[in-house]
Structure formats: structure tokens, C-alpha cells
$ cat target25.cif   # mmCIF, C-alpha atoms
data_coords
#
loop_
_atom_site.group_PDB
_atom_site.id
_atom_site.type_symbol
_atom_site.label_atom_id
_atom_site.label_comp_id
_atom_site.auth_asym_id
_atom_site.auth_seq_id
_atom_site.Cartn_x
_atom_site.Cartn_y
_atom_site.Cartn_z
ATOM 1 C CA MET A 843 124.969 136.360 105.992
ATOM 2 C CA GLU A 844 125.911 139.448 108.000
ATOM 3 C CA GLY A 845 122.421 140.878 107.567
ATOM 4 C CA LYS A 846 120.848 137.640 108.736
ATOM 5 C CA GLU A 847 123.119 137.451 111.771
ATOM 6 C CA GLU A 848 122.248 141.065 112.605
ATOM 7 C CA ASP A 849 118.528 140.233 112.431
ATOM 8 C CA VAL A 850 119.014 137.355 114.846
ATOM 9 C CA ARG A 851 121.105 139.470 117.201
ATOM 10 C CA LEU A 852 118.361 142.120 117.300
ATOM 11 C CA GLY A 853 115.714 139.523 117.979
ATOM 12 C CA ALA A 854 114.057 139.937 114.573
ATOM 13 C CA ASN A 855 113.053 136.285 114.424
ATOM 14 C CA ARG A 856 112.203 135.612 118.046
ATOM 15 C CA PHE A 857 108.466 136.204 117.785
ATOM 16 C CA THR A 858 107.363 135.036 114.359
ATOM 17 C CA GLU A 859 103.760 134.507 113.227
ATOM 18 C CA ARG A 860 102.071 131.465 114.756
ATOM 19 C CA GLN A 861 100.198 130.917 111.507
ATOM 20 C CA PRO A 862 102.321 132.299 108.651
ATOM 21 C CA ILE A 863 100.791 133.068 105.271
ATOM 22 C CA GLY A 864 102.257 132.625 101.824
ATOM 23 C CA THR A 865 105.951 131.928 101.363
ATOM 24 C CA ALA A 866 106.601 132.286 105.096
ATOM 25 C CA ALA A 867 104.777 129.034 105.674
ATOM 26 C CA GLN A 868 107.379 127.150 103.643
ATOM 27 C CA SER A 869 109.521 126.988 106.748
ATOM 28 C CA GLN A 870 106.901 124.680 108.236
ATOM 29 C CA ASP A 871 107.604 120.961 108.281
ATOM 30 C CA ASP A 872 106.537 119.431 104.974
ATOM 31 C CA GLY A 873 106.424 115.950 106.398
ATOM 32 C CA LYS A 874 103.345 113.790 106.795
ATOM 33 C CA ASP A 875 103.578 113.735 110.595
ATOM 34 C CA TYR A 876 101.692 116.793 111.714
ATOM 35 C CA GLN A 877 101.381 118.227 115.192
ATOM 36 C CA GLU A 878 99.024 121.069 116.075
ATOM 37 C CA PRO A 879 101.013 124.242 116.854
ATOM 38 C CA PRO A 880 100.568 125.493 120.418
ATOM 39 C CA PRO A 881 98.094 128.355 120.896
ATOM 40 C CA ALA A 882 99.543 131.823 121.224
ATOM 41 C CA PRO A 883 99.530 133.221 124.775
ATOM 42 C CA LEU A 884 96.962 135.886 125.531
ATOM 43 C CA PHE A 885 99.683 138.341 126.544
ATOM 44 C CA GLU A 886 103.293 138.148 125.360
ATOM 45 C CA PRO A 887 105.094 141.119 126.966
ATOM 46 C CA ASP A 888 108.473 140.061 125.599
ATOM 47 C CA GLU A 889 107.213 140.867 122.104
ATOM 48 C CA LEU A 890 107.407 144.538 122.999
ATOM 49 C CA THR A 891 111.205 144.323 123.156
ATOM 50 C CA SER A 892 111.555 142.559 119.794
ATOM 51 C CA TRP A 893 112.233 144.401 116.530
ATOM 52 C CA SER A 894 110.199 141.793 114.624
ATOM 53 C CA PHE A 895 107.073 142.941 116.484
ATOM 54 C CA TYR A 896 107.445 146.563 115.357
ATOM 55 C CA ARG A 897 108.604 145.572 111.891
ATOM 56 C CA ALA A 898 105.400 143.565 111.470
ATOM 57 C CA GLY A 899 103.282 146.527 112.570
ATOM 58 C CA ILE A 900 105.053 148.826 110.113
ATOM 59 C CA ALA A 901 104.416 146.288 107.344
ATOM 60 C CA GLU A 902 100.704 146.270 108.198
ATOM 61 C CA PHE A 903 100.649 150.075 108.159
ATOM 62 C CA PHE A 904 102.218 150.413 104.728
ATOM 63 C CA ALA A 905 100.211 147.544 103.228
ATOM 64 C CA THR A 906 96.927 149.102 104.360
ATOM 65 C CA PHE A 907 98.138 152.531 103.225
ATOM 66 C CA LEU A 908 98.794 151.229 99.699
ATOM 67 C CA PHE A 909 95.547 149.270 99.719
ATOM 68 C CA LEU A 910 93.462 152.375 100.454
ATOM 69 C CA TYR A 911 95.373 154.578 98.040
ATOM 70 C CA ILE A 912 94.810 152.332 95.014
ATOM 71 C CA THR A 913 91.271 151.223 95.818
ATOM 72 C CA VAL A 914 89.893 154.670 96.721
ATOM 73 C CA LEU A 915 91.296 156.095 93.487
ATOM 74 C CA THR A 916 89.649 153.270 91.549
ATOM 75 C CA VAL A 917 86.269 153.863 93.178
ATOM 76 C CA MET A 918 86.513 157.594 92.513
ATOM 77 C CA GLY A 919 87.325 156.962 88.857
ATOM 78 C CA VAL A 920 84.225 154.823 88.403
ATOM 79 C CA VAL A 921 81.992 157.355 90.180
ATOM 80 C CA ARG A 922 83.444 160.171 88.064
ATOM 81 C CA SER A 923 82.729 158.254 84.848
ATOM 82 C CA ASN A 924 79.169 157.703 85.961
ATOM 83 C CA GLU A 925 78.872 161.405 86.777
ATOM 84 C CA ILE A 926 80.149 162.497 83.359
ATOM 85 C CA ASN A 927 78.748 159.794 81.073
ATOM 86 C CA GLY A 928 75.729 158.615 83.016
ATOM 87 C CA ASN A 929 77.122 155.061 83.144
ATOM 88 C CA THR A 930 80.284 153.159 84.067
ATOM 89 C CA CYS A 931 80.778 151.445 80.709
ATOM 90 C CA LYS A 932 83.630 153.744 79.657
ATOM 91 C CA THR A 933 85.713 152.893 82.700
ATOM 92 C CA VAL A 934 86.506 149.768 84.712
ATOM 93 C CA GLY A 935 83.040 149.571 86.282
ATOM 94 C CA ILE A 936 82.051 147.470 89.288
ATOM 95 C CA GLN A 937 84.114 144.551 88.002
ATOM 96 C CA GLY A 938 87.175 146.795 87.899
ATOM 97 C CA ILE A 939 86.591 147.954 91.468
ATOM 98 C CA ALA A 940 86.322 144.340 92.568
ATOM 99 C CA TRP A 941 89.542 143.481 90.716
ATOM 100 C CA ALA A 942 91.333 146.448 92.295
ATOM 101 C CA PHE A 943 90.407 145.316 95.810
ATOM 102 C CA GLY A 944 91.069 141.626 95.170
ATOM 103 C CA GLY A 945 94.250 142.237 93.209
ATOM 104 C CA MET A 946 95.720 144.536 95.827
ATOM 105 C CA ILE A 947 94.991 142.024 98.578
ATOM 106 C CA PHE A 948 96.629 139.283 96.512
ATOM 107 C CA ALA A 949 99.754 141.381 95.941
ATOM 108 C CA LEU A 950 100.010 142.799 99.458
ATOM 109 C CA VAL A 951 99.422 139.477 101.224
ATOM 110 C CA TYR A 952 102.159 137.972 99.085
ATOM 111 C CA CYS A 953 104.529 140.851 99.923
ATOM 112 C CA THR A 954 103.905 141.041 103.678
ATOM 113 C CA ALA A 955 103.127 137.429 104.565
ATOM 114 C CA GLY A 956 106.635 136.627 105.707
ATOM 115 C CA ILE A 957 106.837 139.751 107.868
ATOM 116 C CA SER A 958 103.472 140.206 109.568
ATOM 117 C CA GLY A 959 101.310 137.375 108.259
ATOM 118 C CA GLY A 960 99.665 139.696 105.732
ATOM 119 C CA HIS A 961 96.456 140.543 107.598
ATOM 120 C CA ILE A 962 95.752 144.086 106.232
ATOM 121 C CA ASN A 963 92.323 143.889 107.878
ATOM 122 C CA PRO A 964 91.253 144.145 111.556
ATOM 123 C CA ALA A 965 88.558 141.517 110.943
ATOM 124 C CA VAL A 966 91.178 139.008 109.772
ATOM 125 C CA THR A 967 93.352 139.860 112.766
ATOM 126 C CA PHE A 968 90.356 139.471 115.087
ATOM 127 C CA GLY A 969 89.458 136.062 113.639
ATOM 128 C CA LEU A 970 93.033 134.790 113.948
ATOM 129 C CA PHE A 971 93.207 136.125 117.503
ATOM 130 C CA LEU A 972 90.041 134.217 118.464
ATOM 131 C CA ALA A 973 91.664 131.084 117.033
ATOM 132 C CA ARG A 974 94.732 131.764 119.217
ATOM 133 C CA LYS A 975 97.027 132.300 116.241
ATOM 134 C CA LEU A 976 98.480 135.493 117.712
ATOM 135 C CA SER A 977 98.582 137.249 121.065
ATOM 136 C CA LEU A 978 96.241 140.018 122.176
ATOM 137 C CA THR A 979 99.236 142.361 122.286
ATOM 138 C CA ARG A 980 100.020 141.740 118.622
ATOM 139 C CA ALA A 981 96.354 141.797 117.587
ATOM 140 C CA ILE A 982 95.741 145.243 119.088
ATOM 141 C CA PHE A 983 98.974 146.602 117.626
ATOM 142 C CA TYR A 984 98.093 145.287 114.167
ATOM 143 C CA MET A 985 94.599 146.805 114.288
ATOM 144 C CA VAL A 986 95.923 150.210 115.317
ATOM 145 C CA MET A 987 98.544 150.200 112.559
ATOM 146 C CA GLN A 988 96.007 149.031 109.966
ATOM 147 C CA CYS A 989 93.618 151.840 110.869
ATOM 148 C CA LEU A 990 96.393 154.451 110.803
ATOM 149 C CA GLY A 991 97.563 153.175 107.425
ATOM 150 C CA ALA A 992 94.027 153.355 106.028
ATOM 151 C CA ILE A 993 93.540 156.917 107.273
ATOM 152 C CA CYS A 994 96.841 158.001 105.720
ATOM 153 C CA GLY A 995 96.082 156.233 102.428
ATOM 154 C CA ALA A 996 92.716 157.962 102.040
ATOM 155 C CA GLY A 997 94.250 161.207 103.261
ATOM 156 C CA VAL A 998 96.920 161.177 100.550
ATOM 157 C CA VAL A 999 94.232 160.680 97.886
ATOM 158 C CA LYS A 1000 92.321 163.691 99.231
ATOM 159 C CA GLY A 1001 95.539 165.687 99.472
ATOM 160 C CA PHE A 1002 96.222 165.117 95.772
ATOM 161 C CA GLN A 1003 92.614 165.676 94.652
ATOM 162 C CA PRO A 1004 90.688 167.582 97.360
ATOM 163 C CA ASN A 1005 87.747 168.771 95.269
ATOM 164 C CA PRO A 1006 87.136 165.526 93.327
ATOM 165 C CA TYR A 1007 87.523 163.561 96.557
ATOM 166 C CA ASN A 1008 84.670 165.360 98.307
ATOM 167 C CA ARG A 1009 82.479 165.455 95.197
ATOM 168 C CA LEU A 1010 82.949 161.768 94.333
ATOM 169 C CA GLY A 1011 82.329 160.374 97.804
ATOM 170 C CA GLY A 1012 85.897 159.485 98.739
ATOM 171 C CA GLY A 1013 85.272 155.753 98.542
ATOM 172 C CA ALA A 1014 83.332 155.869 101.818
ATOM 173 C CA ASN A 1015 81.091 152.923 102.688
ATOM 174 C CA MET A 1016 77.366 153.566 103.099
ATOM 175 C CA VAL A 1017 74.206 151.512 102.787
ATOM 176 C CA SER A 1018 72.821 152.191 99.305
ATOM 177 C CA LYS A 1019 69.360 153.549 98.651
ATOM 178 C CA GLY A 1020 66.729 150.831 98.570
ATOM 179 C CA TYR A 1021 68.502 148.716 101.191
ATOM 180 C CA THR A 1022 67.991 148.726 104.951
ATOM 181 C CA LYS A 1023 70.697 148.791 107.601
ATOM 182 C CA GLY A 1024 69.810 145.149 108.278
ATOM 183 C CA ASP A 1025 70.549 144.328 104.634
ATOM 184 C CA GLY A 1026 73.891 146.053 104.930
ATOM 185 C CA LEU A 1027 74.749 144.306 108.187
ATOM 186 C CA GLY A 1028 73.891 140.907 106.727
ATOM 187 C CA ALA A 1029 75.999 141.568 103.632
ATOM 188 C CA GLU A 1030 78.973 142.540 105.783
ATOM 189 C CA ILE A 1031 78.635 139.507 108.050
ATOM 190 C CA VAL A 1032 78.428 136.988 105.209
ATOM 191 C CA GLY A 1033 81.075 138.727 103.112
ATOM 192 C CA THR A 1034 83.573 138.807 105.968
ATOM 193 C CA PHE A 1035 82.771 135.199 106.860
ATOM 194 C CA ILE A 1036 83.736 134.167 103.317
ATOM 195 C CA LEU A 1037 86.981 136.138 103.471
ATOM 196 C CA VAL A 1038 88.113 134.987 106.918
ATOM 197 C CA TYR A 1039 87.102 131.373 106.274
ATOM 198 C CA THR A 1040 89.208 131.495 103.105
ATOM 199 C CA VAL A 1041 92.134 132.885 105.108
ATOM 200 C CA PHE A 1042 91.861 130.018 107.602
ATOM 201 C CA SER A 1043 91.624 127.406 104.867
ATOM 202 C CA ALA A 1044 94.402 128.850 102.710
ATOM 203 C CA THR A 1045 96.828 129.120 105.637
ATOM 204 C CA ASP A 1046 95.919 125.920 107.482
ATOM 205 C CA ALA A 1047 99.173 124.552 108.884
ATOM 206 C CA LYS A 1048 97.955 120.974 108.449
ATOM 207 C CA ARG A 1049 97.405 121.515 104.726
ATOM 208 C CA SER A 1050 100.807 123.205 104.489
ATOM 209 C CA ALA A 1051 102.422 120.128 106.034
ATOM 210 C CA ARG A 1052 100.643 117.813 103.610
ATOM 211 C CA ASP A 1053 100.826 119.842 100.383
ATOM 212 C CA SER A 1054 103.996 121.867 99.891
ATOM 213 C CA HIS A 1055 102.428 124.033 97.153
ATOM 214 C CA VAL A 1056 99.668 125.381 99.423
ATOM 215 C CA PRO A 1057 101.762 128.122 101.139
ATOM 216 C CA ILE A 1058 102.842 129.611 97.804
ATOM 217 C CA LEU A 1059 99.273 129.731 96.500
ATOM 218 C CA ALA A 1060 97.700 131.097 99.706
ATOM 219 C CA PRO A 1061 97.460 134.766 98.605
ATOM 220 C CA LEU A 1062 95.570 133.772 95.440
ATOM 221 C CA PRO A 1063 92.363 132.370 97.003
ATOM 222 C CA ILE A 1064 92.370 135.172 99.587
ATOM 223 C CA GLY A 1065 92.499 137.844 96.893
ATOM 224 C CA PHE A 1066 89.935 135.976 94.796
ATOM 225 C CA ALA A 1067 87.559 135.778 97.765
ATOM 226 C CA VAL A 1068 87.820 139.564 98.174
ATOM 227 C CA PHE A 1069 87.095 139.985 94.459
ATOM 228 C CA LEU A 1070 83.974 137.784 94.549
ATOM 229 C CA VAL A 1071 82.579 139.358 97.713
ATOM 230 C CA HIS A 1072 82.963 142.805 96.146
ATOM 231 C CA LEU A 1073 81.069 141.723 93.044
ATOM 232 C CA ALA A 1074 78.162 140.640 95.239
ATOM 233 C CA THR A 1075 78.031 143.420 97.819
ATOM 234 C CA ILE A 1076 79.215 146.637 96.112
ATOM 235 C CA PRO A 1077 75.593 147.450 95.172
ATOM 236 C CA ILE A 1078 74.525 147.060 98.831
ATOM 237 C CA THR A 1079 77.208 148.738 100.956
ATOM 238 C CA GLY A 1080 80.079 149.526 98.613
ATOM 239 C CA THR A 1081 81.659 146.502 100.352
ATOM 240 C CA GLY A 1082 83.456 147.016 103.610
ATOM 241 C CA ILE A 1083 84.515 143.623 105.054
ATOM 242 C CA ASN A 1084 87.506 145.543 106.382
ATOM 243 C CA PRO A 1085 86.907 147.973 109.278
ATOM 244 C CA ALA A 1086 90.185 149.802 108.656
ATOM 245 C CA ARG A 1087 89.255 150.453 105.022
ATOM 246 C CA SER A 1088 85.842 151.793 106.098
ATOM 247 C CA LEU A 1089 87.280 153.904 108.935
ATOM 248 C CA GLY A 1090 89.983 155.520 106.817
ATOM 249 C CA ALA A 1091 87.545 156.585 104.110
ATOM 250 C CA ALA A 1092 84.927 157.740 106.644
ATOM 251 C CA ILE A 1093 87.350 159.922 108.610
ATOM 252 C CA ILE A 1094 88.792 161.636 105.555
ATOM 253 C CA TYR A 1095 85.429 162.029 103.773
ATOM 254 C CA ASN A 1096 83.672 163.012 107.034
ATOM 255 C CA ASN A 1097 80.072 162.840 105.795
ATOM 256 C CA GLU A 1098 77.037 162.489 108.081
ATOM 257 C CA LYS A 1099 75.534 159.599 106.110
ATOM 258 C CA ALA A 1100 78.848 157.717 106.194
ATOM 259 C CA TRP A 1101 79.041 158.106 109.983
ATOM 260 C CA ASP A 1102 75.391 157.084 110.472
ATOM 261 C CA ASP A 1103 76.094 153.745 108.788
ATOM 262 C CA HIS A 1104 79.651 153.326 110.045
ATOM 263 C CA TRP A 1105 78.854 150.951 112.919
ATOM 264 C CA ILE A 1106 77.734 148.366 110.341
ATOM 265 C CA PHE A 1107 81.268 148.168 108.984
ATOM 266 C CA TRP A 1108 82.692 147.224 112.380
ATOM 267 C CA VAL A 1109 79.940 145.057 113.848
ATOM 268 C CA GLY A 1110 79.322 143.098 110.643
ATOM 269 C CA PRO A 1111 82.959 142.190 109.886
ATOM 270 C CA PHE A 1112 83.718 141.281 113.509
ATOM 271 C CA ILE A 1113 80.678 139.002 113.714
ATOM 272 C CA GLY A 1114 81.582 137.417 110.382
ATOM 273 C CA ALA A 1115 85.186 136.889 111.475
ATOM 274 C CA ALA A 1116 84.106 135.331 114.782
ATOM 275 C CA LEU A 1117 81.735 132.936 112.992
ATOM 276 C CA ALA A 1118 84.451 131.952 110.517
ATOM 277 C CA ALA A 1119 86.933 131.280 113.341
ATOM 278 C CA LEU A 1120 84.338 129.212 115.208
ATOM 279 C CA TYR A 1121 83.381 127.224 112.119
ATOM 280 C CA HIS A 1122 86.944 126.465 111.074
ATOM 281 C CA GLN A 1123 88.315 125.625 114.519
ATOM 282 C CA VAL A 1124 85.325 123.695 115.898
ATOM 283 C CA VAL A 1125 83.629 122.149 112.873
ATOM 284 C CA ILE A 1126 86.341 121.769 110.230
ATOM 285 C CA ARG A 1127 89.356 121.110 112.430
ATOM 286 C CA ALA A 1128 87.450 119.847 115.512
ATOM 287 C CA ILE A 1129 90.284 121.178 117.683
ATOM 288 C CA PRO A 1130 88.252 121.245 120.965
ATOM 289 C CA PHE A 1131 87.507 117.543 120.555
ATOM 290 C CA LYS A 1132 91.044 116.350 119.912
ATOM 291 C CA SER A 1133 92.786 114.421 122.678
ATOM 292 C CA LYS A 1134 95.582 116.239 124.403
#
$ encode --input "target25.cif" --output "C-alpha cells"
Amino acid sequence: MEGKEEDVRLGANRFTERQPIGTAAQSQDDGKDYQEPPPAPLFEPDELTSWSFYRAGIAEFFATFLFLYITVLTVMGVVRSNEINGNTCKTVGIQGIAWAFGGMIFALVYCTAGISGGHINPAVTFGLFLARKLSLTRAIFYMVMQCLGAICGAGVVKGFQPNPYNRLGGGANMVSKGYTKGDGLGAEIVGTFILVYTVFSATDAKRSARDSHVPILAPLPIGFAVFLVHLATIPITGTGINPARSLGAAIIYNNEKAWDDHWIFWVGPFIGAALAALYHQVVIRAIPFKSK
């Protein structure tokens, strides 16, 4: 009880997520009478004086750090097997890479949902911002912390294995041979649309109010969506759908080809996230057409 009282005294719970994910959403009203939560203000200066704001940013940093560390190592292991054996059959292969990305998102969303909302991806943050689920102040802070976490995660991998990191590509995203930049951009747009649409659907406050089991299960479909998108798009771009993931690997690997294609892994995910937010808010929920 003392710890909880201390949190309240420090303002730890004053500025919670407008659209919590996972177990955090269990605090929402489980009753049948549902009222749309008010949109987040564009600017919320008081957040800057709240510990919960900085705690959430730190959670996003460490989640993205762990995400990059595990996934980059997995990608490098598959590339190394292909380099030695001429195929990926003796290691986890593309399916294993997809499971590593999807599984880490599942675990990390579950762990950080009650603290930051479990975004771990600037595209997710951008989509939720467009839907007015969080303020611009929080959105920018999250994106900065996600990118820093990704850079540090990839950097630690290179620090442990500098020579293999450079030789094996460092998990950097690039458009594969045989595909055009347009192919890569399209894959990133559609892949991110699937992810962000799943996030909206899995964390829909109306569904949480109607079905009490939905908040607990939310990380599962989100992680599974990441897994499926990776299966489809690894051969095309290595699968970005997360600008922080792509930026961290690109900065640490620092290869000309990776930088030439890098814009795809920001433009594509942001377009996909915007389309998912538009589709969910306007078509699925019809929020602009509801009476005040």
C-alpha cells in the first residue's frame, strides 16, 4: 500500500494511456453501457511534470532495446547458416525469424501495456496519435525513446560481435534483389496497415467493455499479426513495419544500400498506419458520424 500511495503522491497515475493495451485495459468499465472516451488533447503540458510520462518513455526505450537485441541476433544466425551451409534448413529459417519478431512483440506488449500502452513502434504510436488516443507531446516522446532503444539494441549486438555483425548485414532492412523500391514501399504500407489495424481492433475500448477477456488476449493477435506479416514480406524487404527497428539497424550497420532504401521504412509504415487509423475510426467505428 505504501508503494501505491507513493506513486499517487508523485503523480504516477495522473496521465494514464487513453487507450490501454493488455491487462491495463481491465480497469475499464466492463458494463454493457459504453461511452466513447474523450479524445486526447493535442498538447498536454502538464504531462511533462508527471513521473508516469517519463516512466512510460523509459518502458518504450527498454522494450525496443530488447526487441532489437533478440531479433537482430536471430536474423544474423539465419544469415550465418546460409553463408556456411548454403541454406537455412539447419537453423530456424525465415519462419524462425518471423516467430522471433512476433514472439517478442507478444511478450513485450504484455509486459509494457500497463505502463506505456506497449507501442514499441513509431508507426503504432503515429496511428494512435491520429486517432487521438494520445497527445502529440507523448507521441513525440515515445518515438524518440523507441528510436534510441533500437539504436542501443543493435549497438549492443555489434559490440558483442563486431566482425560477424558487419559481415552478416546487421539485420538492416533493404529491398531485395529482383524487387523494385515500389514493391518494397507497397509491402511496407500493407504490412503496417495489417499491424496497426490489429492494434486498433485488439485494444478497442468498446470491445473491452463488452467482452472482459479481450484486454488479456490483446497482445496475442498483435504478436501474431507481426509474425504473419514477416512471413510474407521478409523476402521483399526483410520486413520493416517499424521505423525504429529499421533506423537502429541502419545506423549501426551504416551501409550505403541500407541508407538508399531507408526512406521506404519510414514512408511506408507511416502511410500504412494512417490508413489503418482512418479505416478503423471512420469505417469500422464511424466515430465522425456519431451524434454528440
$ resolve_selection --input "target25.cif" --expression "the PyMOL selection byres ((chain A and resi 1017) around 6)" --output "PyMOL selection string"
chain A and resi 1016+1018+1026+1078-1079
$ resolve_selection --input "target25.cif" --expression "the PyMOL selection byres ((chain A and resi 1001-1015) around 7)" --output "PyMOL selection string"
chain A and resi 914+917-918+921-922+997-1000+1016+1079-1082+1088+1091-1092+1095+1100
$ residues_around --input "target25.cif" --residues "Ala992 in chain A" --least-positions-apart "5" --cutoff "8 Å" --atoms "only C-alpha atoms" --output "list in words"
Phe903, Thr906, Phe907, Phe909, Leu910, Ala1086, Arg1087, Leu1089, Gly1090 and Ala1091 of chain A
$ resolve_selection --input "target25.cif" --expression "the PyMOL selection byres ((chain A and resi 890) around 12)" --output "list of chain:residue names"
A:Gly853, A:Ala854, A:Arg856, A:Phe857, A:Phe885, A:Glu886, A:Pro887, A:Asp888, A:Glu889, A:Thr891, A:Ser892, A:Trp893, A:Ser894, A:Phe895, A:Tyr896, A:Arg897, A:Ala898, A:Gly899, A:Ser977, A:Thr979, A:Arg980, A:Phe983
$ atom_distance --input "target25.cif" --atom1 "CA of Val1068 in chain A" --atom2 "CA of Leu1037 in chain A"
6.4 Å
$ closest_atom_pairs --input "target25.cif" --of "range 952-972 of chain A" --to "range 1038-1044 of chain A" --cutoff "10 Å" --atoms "all atoms listed in the file" --output "Markdown table"
| residue | atom | partner | partner_atom | distance |
| --- | --- | --- | --- | --- |
| A:His961 | CA | A:Val1041 | CA | 9.1 |
| A:Asn963 | CA | A:Val1038 | CA | 9.9 |
| A:Ala965 | CA | A:Val1038 | CA | 7.7 |
| A:Val966 | CA | A:Val1038 | CA | 5.8 |
| A:Thr967 | CA | A:Val1038 | CA | 9.2 |
| A:Phe968 | CA | A:Val1038 | CA | 9.6 |
| A:Gly969 | CA | A:Val1038 | CA | 6.9 |
| A:Leu970 | CA | A:Phe1042 | CA | 8.0 |
$ closest_residue --input "target25.cif" --among "A:Ala1067, A:Ala1119, A:Leu1062, A:Lys1023" --to "Lys1099 in chain A" --atoms "all atoms listed in the file"
A:Lys1023
$ atom_distance --input "target25.cif" --atom1 "CA of Thr1075 in chain A" --atom2 "CA of Gly1033 in chain A"
7.7 Å
$ atom_distance --input "target25.cif" --atom1 "CA of Gly1114 in chain A" --atom2 "CA of Thr1034 in chain A"
5.0 Å
$ closest_residue --input "target25.cif" --among "A:Pro1063, A:Gly995, A:Pro1077, A:Gly1020" --to "Ile1094 in chain A" --atoms "only C-alpha atoms"
A:Gly995
$ closest_residue --input "target25.cif" --among "A:Glu902, A:Asp1046, A:Glu1030, A:Asp1025" --to "Ala981 in chain A" --atoms "all atoms listed in the file"
A:Glu902
$ closest_residue --input "target25.cif" --among "A:Leu1070, A:Met985, A:Ile957, A:Leu972" --to "Ala1118 in chain A" --atoms "all atoms listed in the file"
A:Leu972
$ closest_residue --input "target25.cif" --among "A:Phe1069, A:Ala949, A:Ala1074, A:Gly1024" --to "Asp1103 in chain A" --atoms "only C-alpha atoms"
A:Gly1024
$ axis_aligned_box --input "target25.cif" --around "range 1016-1035 of chain A" --padding-each-side "8 Å" --output "JSON"
{"center_x": 75.2, "center_y": 144.4, "center_z": 103.4, "size_x": 32.8, "size_y": 34.4, "size_z": 25.7}
$ residues_around --input "target25.cif" --residues "Ala942 in chain A" --least-positions-apart "3" --cutoff "12 Å" --atoms "all atoms listed in the file" --output "MDAnalysis selection string"
chainID A and resid 908:917 919:920 934:939 945:950 1065:1066 1068:1070 1072:1073
$ closest_residue --input "target25.cif" --among "A:Phe971, A:Phe904, A:Phe943, A:Trp1108" --to "Leu884 in chain A" --atoms "only C-alpha atoms"
A:Phe971
